[in-house]
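Participant: Supplied structure: upload00.txt, compact mmCIF, C-alpha atoms and all ligand atoms.
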```
# COMPACT_ATOMS: atom_id res chain seq x y z
CA MET U 5 -5.10 -39.77 -19.64
CA SER U 6 -5.64 -41.04 -16.16
CA ALA U 7 -3.71 -39.56 -13.25
CA PRO U 8 -1.10 -41.63 -11.47
CA SER U 9 -2.86 -43.82 -8.96
CA GLU U 10 -2.07 -44.23 -5.30
CA ALA U 11 1.29 -45.70 -4.42
CA VAL U 12 1.26 -49.43 -3.67
CA GLU U 13 4.34 -50.64 -1.84
CA GLY U 14 6.21 -47.68 -3.20
CA TRP U 15 5.25 -48.24 -6.82
CA VAL U 16 3.02 -45.67 -8.52
CA ALA U 17 0.93 -46.68 -11.52
CA LEU U 18 1.38 -44.24 -14.38
CA GLY U 19 -1.02 -45.78 -16.90
CA SER U 20 -0.48 -47.67 -20.11
CA MET U 21 2.49 -47.10 -22.38
CA ALA U 22 0.17 -45.41 -24.87
CA GLU U 23 -1.26 -43.13 -22.18
CA VAL U 24 2.18 -42.14 -20.96
CA PHE U 25 4.02 -41.75 -24.24
CA GLY U 26 1.46 -41.63 -27.06
CA THR U 27 3.65 -41.11 -30.11
CA ARG U 28 6.44 -39.37 -28.18
CA ALA U 29 9.63 -40.81 -26.76
CA CYS U 30 9.91 -38.34 -23.87
CA ARG U 31 7.41 -37.27 -21.31
CA SER U 32 7.38 -35.12 -18.19
CA MET U 33 5.09 -36.06 -15.31
CA LYS U 34 4.68 -34.73 -11.80
CA ILE U 35 4.62 -37.65 -9.40
CA GLU U 36 4.30 -37.08 -5.68
CA GLU U 37 5.43 -33.47 -6.15
CA VAL U 38 8.53 -34.51 -8.09
CA GLN U 39 8.87 -33.61 -11.78
CA ILE U 40 10.02 -36.75 -13.55
CA GLY U 41 11.35 -37.18 -17.05
CA LEU U 42 10.37 -40.44 -18.71
CA PHE U 43 12.30 -41.61 -21.75
CA LEU U 44 11.56 -44.48 -24.10
CA VAL U 45 14.73 -45.87 -25.69
CA ASP U 46 14.69 -49.09 -27.72
CA GLY U 47 11.51 -50.24 -25.98
CA GLN U 48 12.91 -49.63 -22.49
CA VAL U 49 11.63 -46.90 -20.19
CA TYR U 50 14.02 -44.81 -18.08
CA ALA U 51 13.03 -42.28 -15.45
CA ILE U 52 15.20 -39.51 -14.06
CA ASP U 53 14.55 -36.20 -12.36
CA ASP U 54 13.30 -33.91 -15.09
CA ILE U 55 14.82 -30.72 -13.72
CA CYS U 56 18.50 -30.34 -14.56
CA SER U 57 20.91 -30.32 -11.62
CA HIS U 58 22.59 -27.23 -13.09
CA GLY U 59 19.61 -24.94 -13.62
CA ASN U 60 15.93 -24.63 -14.32
CA ALA U 61 15.57 -26.67 -17.47
CA ARG U 62 13.54 -29.73 -18.29
CA LEU U 63 15.59 -32.65 -19.49
CA SER U 64 12.51 -34.15 -21.17
CA GLU U 65 12.73 -31.22 -23.60
CA GLY U 66 16.34 -32.04 -24.50
CA ASP U 67 17.68 -34.05 -27.40
CA VAL U 68 18.19 -37.76 -26.81
CA ASP U 69 21.01 -39.69 -28.45
CA GLY U 70 21.22 -43.30 -27.42
CA PHE U 71 21.21 -43.36 -23.63
CA GLU U 72 22.19 -39.72 -23.29
CA VAL U 73 19.99 -36.66 -22.97
CA GLU U 74 21.30 -33.17 -23.61
CA CYS U 75 20.01 -30.43 -21.36
CA PRO U 76 18.29 -27.84 -23.57
CA LEU U 77 19.76 -24.89 -21.64
CA HIS U 78 23.56 -25.40 -21.51
CA ALA U 79 23.95 -28.73 -23.30
CA GLY U 80 25.19 -30.81 -20.35
CA LEU U 81 24.75 -34.54 -20.94
CA PHE U 82 23.16 -37.03 -18.56
CA ASP U 83 23.03 -40.79 -18.79
CA LEU U 84 19.36 -41.81 -18.88
CA ARG U 85 20.12 -45.16 -17.26
CA SER U 86 21.72 -43.76 -14.12
CA GLY U 87 21.13 -40.00 -14.02
CA LYS U 88 24.90 -39.57 -14.04
CA ALA U 89 26.18 -36.19 -15.17
CA LEU U 90 28.58 -36.85 -18.05
CA THR U 91 29.86 -33.47 -19.20
CA ALA U 92 30.50 -29.88 -18.13
CA PRO U 93 28.96 -27.63 -16.99
CA LEU U 94 27.28 -30.34 -14.93
CA THR U 95 28.76 -31.14 -11.55
CA ARG U 96 25.89 -33.08 -10.00
CA ASP U 97 23.92 -36.13 -11.09
CA VAL U 98 20.14 -36.25 -11.15
CA ARG U 99 18.30 -39.09 -9.47
CA SER U 100 17.36 -42.19 -11.39
CA HIS U 101 14.02 -43.80 -10.51
CA GLY U 102 12.83 -47.38 -10.69
CA VAL U 103 10.60 -48.34 -13.62
CA ARG U 104 8.57 -51.51 -13.90
CA ARG U 105 6.33 -52.73 -16.68
CA ASP U 106 3.53 -55.19 -16.05
CA GLY U 107 2.15 -56.04 -19.46
CA ASP U 108 1.28 -52.65 -20.89
CA ALA U 109 1.06 -50.93 -17.51
CA LEU U 110 3.89 -48.72 -16.37
CA PHE U 111 4.93 -48.19 -12.75
CA ILE U 112 7.53 -45.97 -11.16
CA LYS U 113 9.26 -46.10 -7.78
CA LEU U 114 10.79 -42.82 -6.77
CA ALA U 115 14.35 -42.84 -5.49
CA ASP U 116 14.99 -41.49 -2.00
S1 LIG U 201 20.64 -25.95 -16.87
FE1 LIG U 201 21.16 -27.90 -17.63
S2 LIG U 201 23.25 -27.72 -18.23
FE2 LIG U 201 22.76 -25.78 -17.37
```
Take the structure from the file and write it as C-alpha cells.

Facilitator:
Amino acid sequence: MSAPSEAVEGWVALGSMAEVFGTRACRSMKIEEVQIGLFLVDGQVYAIDDICSHGNARLSEGDVDGFEVECPLHAGLFDLRSGKALTAPLTRDVRSHGVRRDGDALFIKLAD
C-alpha cells in the first residue's frame, strides 16, 4: 500500500478504502509520528489514538461492538466516535481525529 502523502491543509491522504482496510474492519497506522486506530463501522470510518490512555495497548487490536472498542489489556471501553473513556479502569479519553472520504479516498486530520 502507498504511504500517507504529505499533509494538505491539515488533511493527510491515507489511500483508498481497500488499501487502508482490505478485508479488515480495524487498522493501525502511524501518521505524523502518532499511532492511529482506524475503525470501519457500518460504512463509516472513525479514527482515535490507537494507544490506550491507561497503558501500552493498541485499541485497534481490541474487540469492537457497535461504536465501542474494548481495550485488549484491561477491557476498558472507549467510544469510537469521540474517544471518550466509558468504563473503569479508564480515567482519560483518547483523542478523536477528523476523517473525510472523497470518493474512495480516505483522509485524516489529526486533532491537536
Ligand atoms: S491498558 Fe487499556 S484498559 Fe488498561

Participant: Can you work out which residues are within 6 Å of ligand LIG 201 (chain U), considering all atoms listed in the file, and then hand them over as an NGL selection string?

Facilitator: :U and (56 or 58-61 or 75 or 77-80 or 93-94)

Participant: Quick check, in Å to one decimal: how far apart do atom CA of U:Arg28 and atom CA of U:Glu13 lie?

Facilitator: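 Computed distance, atom CA of U:Arg28 to atom CA of U:Glu13, equals 28.7 Å.
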
Participant: Looking at all atoms listed in the file, which of U:Ile52, U:Ala17, U:Ala22, U:Val68 is the one that sits closest to U:Asp97?

Facilitator: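 Going through U:Ile52, U:Ala17, U:Ala22, U:Val68 one by one, the smallest distance to U:Asp97 is for U:Ile52.
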
Participant: Would you work out the distance separating atom CA of U:Asp46 from atom CA of U:Arg96, expressed in Å to one decimal?

Facilitator: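 One can read the atom CA of U:Asp46 to atom CA of U:Arg96 distance as 26.4 Å.
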
Participant: Using the file's own x, y and z axes, so that the box edges lie along x, y and z, what centre and edge lengths in Å (one decimal) does a box around every listed atom of stretch 22-34 of chain U get when 6 Å is added on each side? Give it as JSON.

Facilitator:
```
{"center_x": 4.3, "center_y": -40.1, "center_z": -21.0, "size_x": 23.2, "size_y": 22.7, "size_z": 30.3}
```

Participant: Taking (5.6, -38.8, -8.7) in the file's coordinates, which residues come within 8 Å, counting all atoms listed in the file, written as a PDB file with C-alpha atoms, keeping the file's coordinate frame?

Facilitator:
```pdb
ATOM      1  CA  PRO U   8      -1.100 -41.630 -11.470  1.00  0.00           C
ATOM      2  CA  VAL U  16       3.020 -45.670  -8.520  1.00  0.00           C
ATOM      3  CA  MET U  33       5.090 -36.060 -15.310  1.00  0.00           C
ATOM      4  CA  LYS U  34       4.680 -34.730 -11.800  1.00  0.00           C
ATOM      5  CA  ILE U  35       4.620 -37.650  -9.400  1.00  0.00           C
ATOM      6  CA  GLU U  36       4.300 -37.080  -5.680  1.00  0.00           C
ATOM      7  CA  GLU U  37       5.430 -33.470  -6.150  1.00  0.00           C
ATOM      8  CA  VAL U  38       8.530 -34.510  -8.090  1.00  0.00           C
ATOM      9  CA  GLN U  39       8.870 -33.610 -11.780  1.00  0.00           C
ATOM     10  CA  ILE U  40      10.020 -36.750 -13.550  1.00  0.00           C
ATOM     11  CA  ILE U 112       7.530 -45.970 -11.160  1.00  0.00           C
ATOM     12  CA  LEU U 114      10.790 -42.820  -6.770  1.00  0.00           C
TER      13      LEU U 114
END
```

Participant: By how many Å are atom CA of U:Ser57 and atom CA of U:Asp116 apart?

Facilitator: 15.9 Å

Participant: Identify which of the residues U:Leu63, U:Ala29, U:Glu23, U:Phe111 lies closest to U:Ala89, counting all atoms listed in the file when measuring atom-to-atom distances.

Facilitator: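 Answer, going by the shortest atom-to-atom distance: U:Leu63.
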
Participant: Counting only C-alpha atoms, figure out which residue out of U:Val24, U:Val103, U:Cys30, U:Leu18 gets nearest to U:Val73.

Facilitator: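 Under the stated criterion, the closest residue is U:Cys30.
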
Participant: Quick one: of U:Gly107, U:Gly19, U:Gly26, U:Gly41, who's nearest to U:Leu84, counting all atoms listed in the file?

Facilitator: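 Nearest to U:Leu84: U:Gly41.
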
Participant: When distances are computed from all atoms listed in the file, which of U:Arg99, U:Arg104, U:Lys88, U:Arg62 shows the smallest separation from U:Val49?

Facilitator: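 Counting all atoms listed in the file, the residue closest to U:Val49 is U:Arg104.
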
Participant: Which of these residues is nearest to U:Met21, using all atoms listed in the file: U:Leu90, U:Val98, U:Leu42, U:Ile55?

Facilitator: U:Leu42
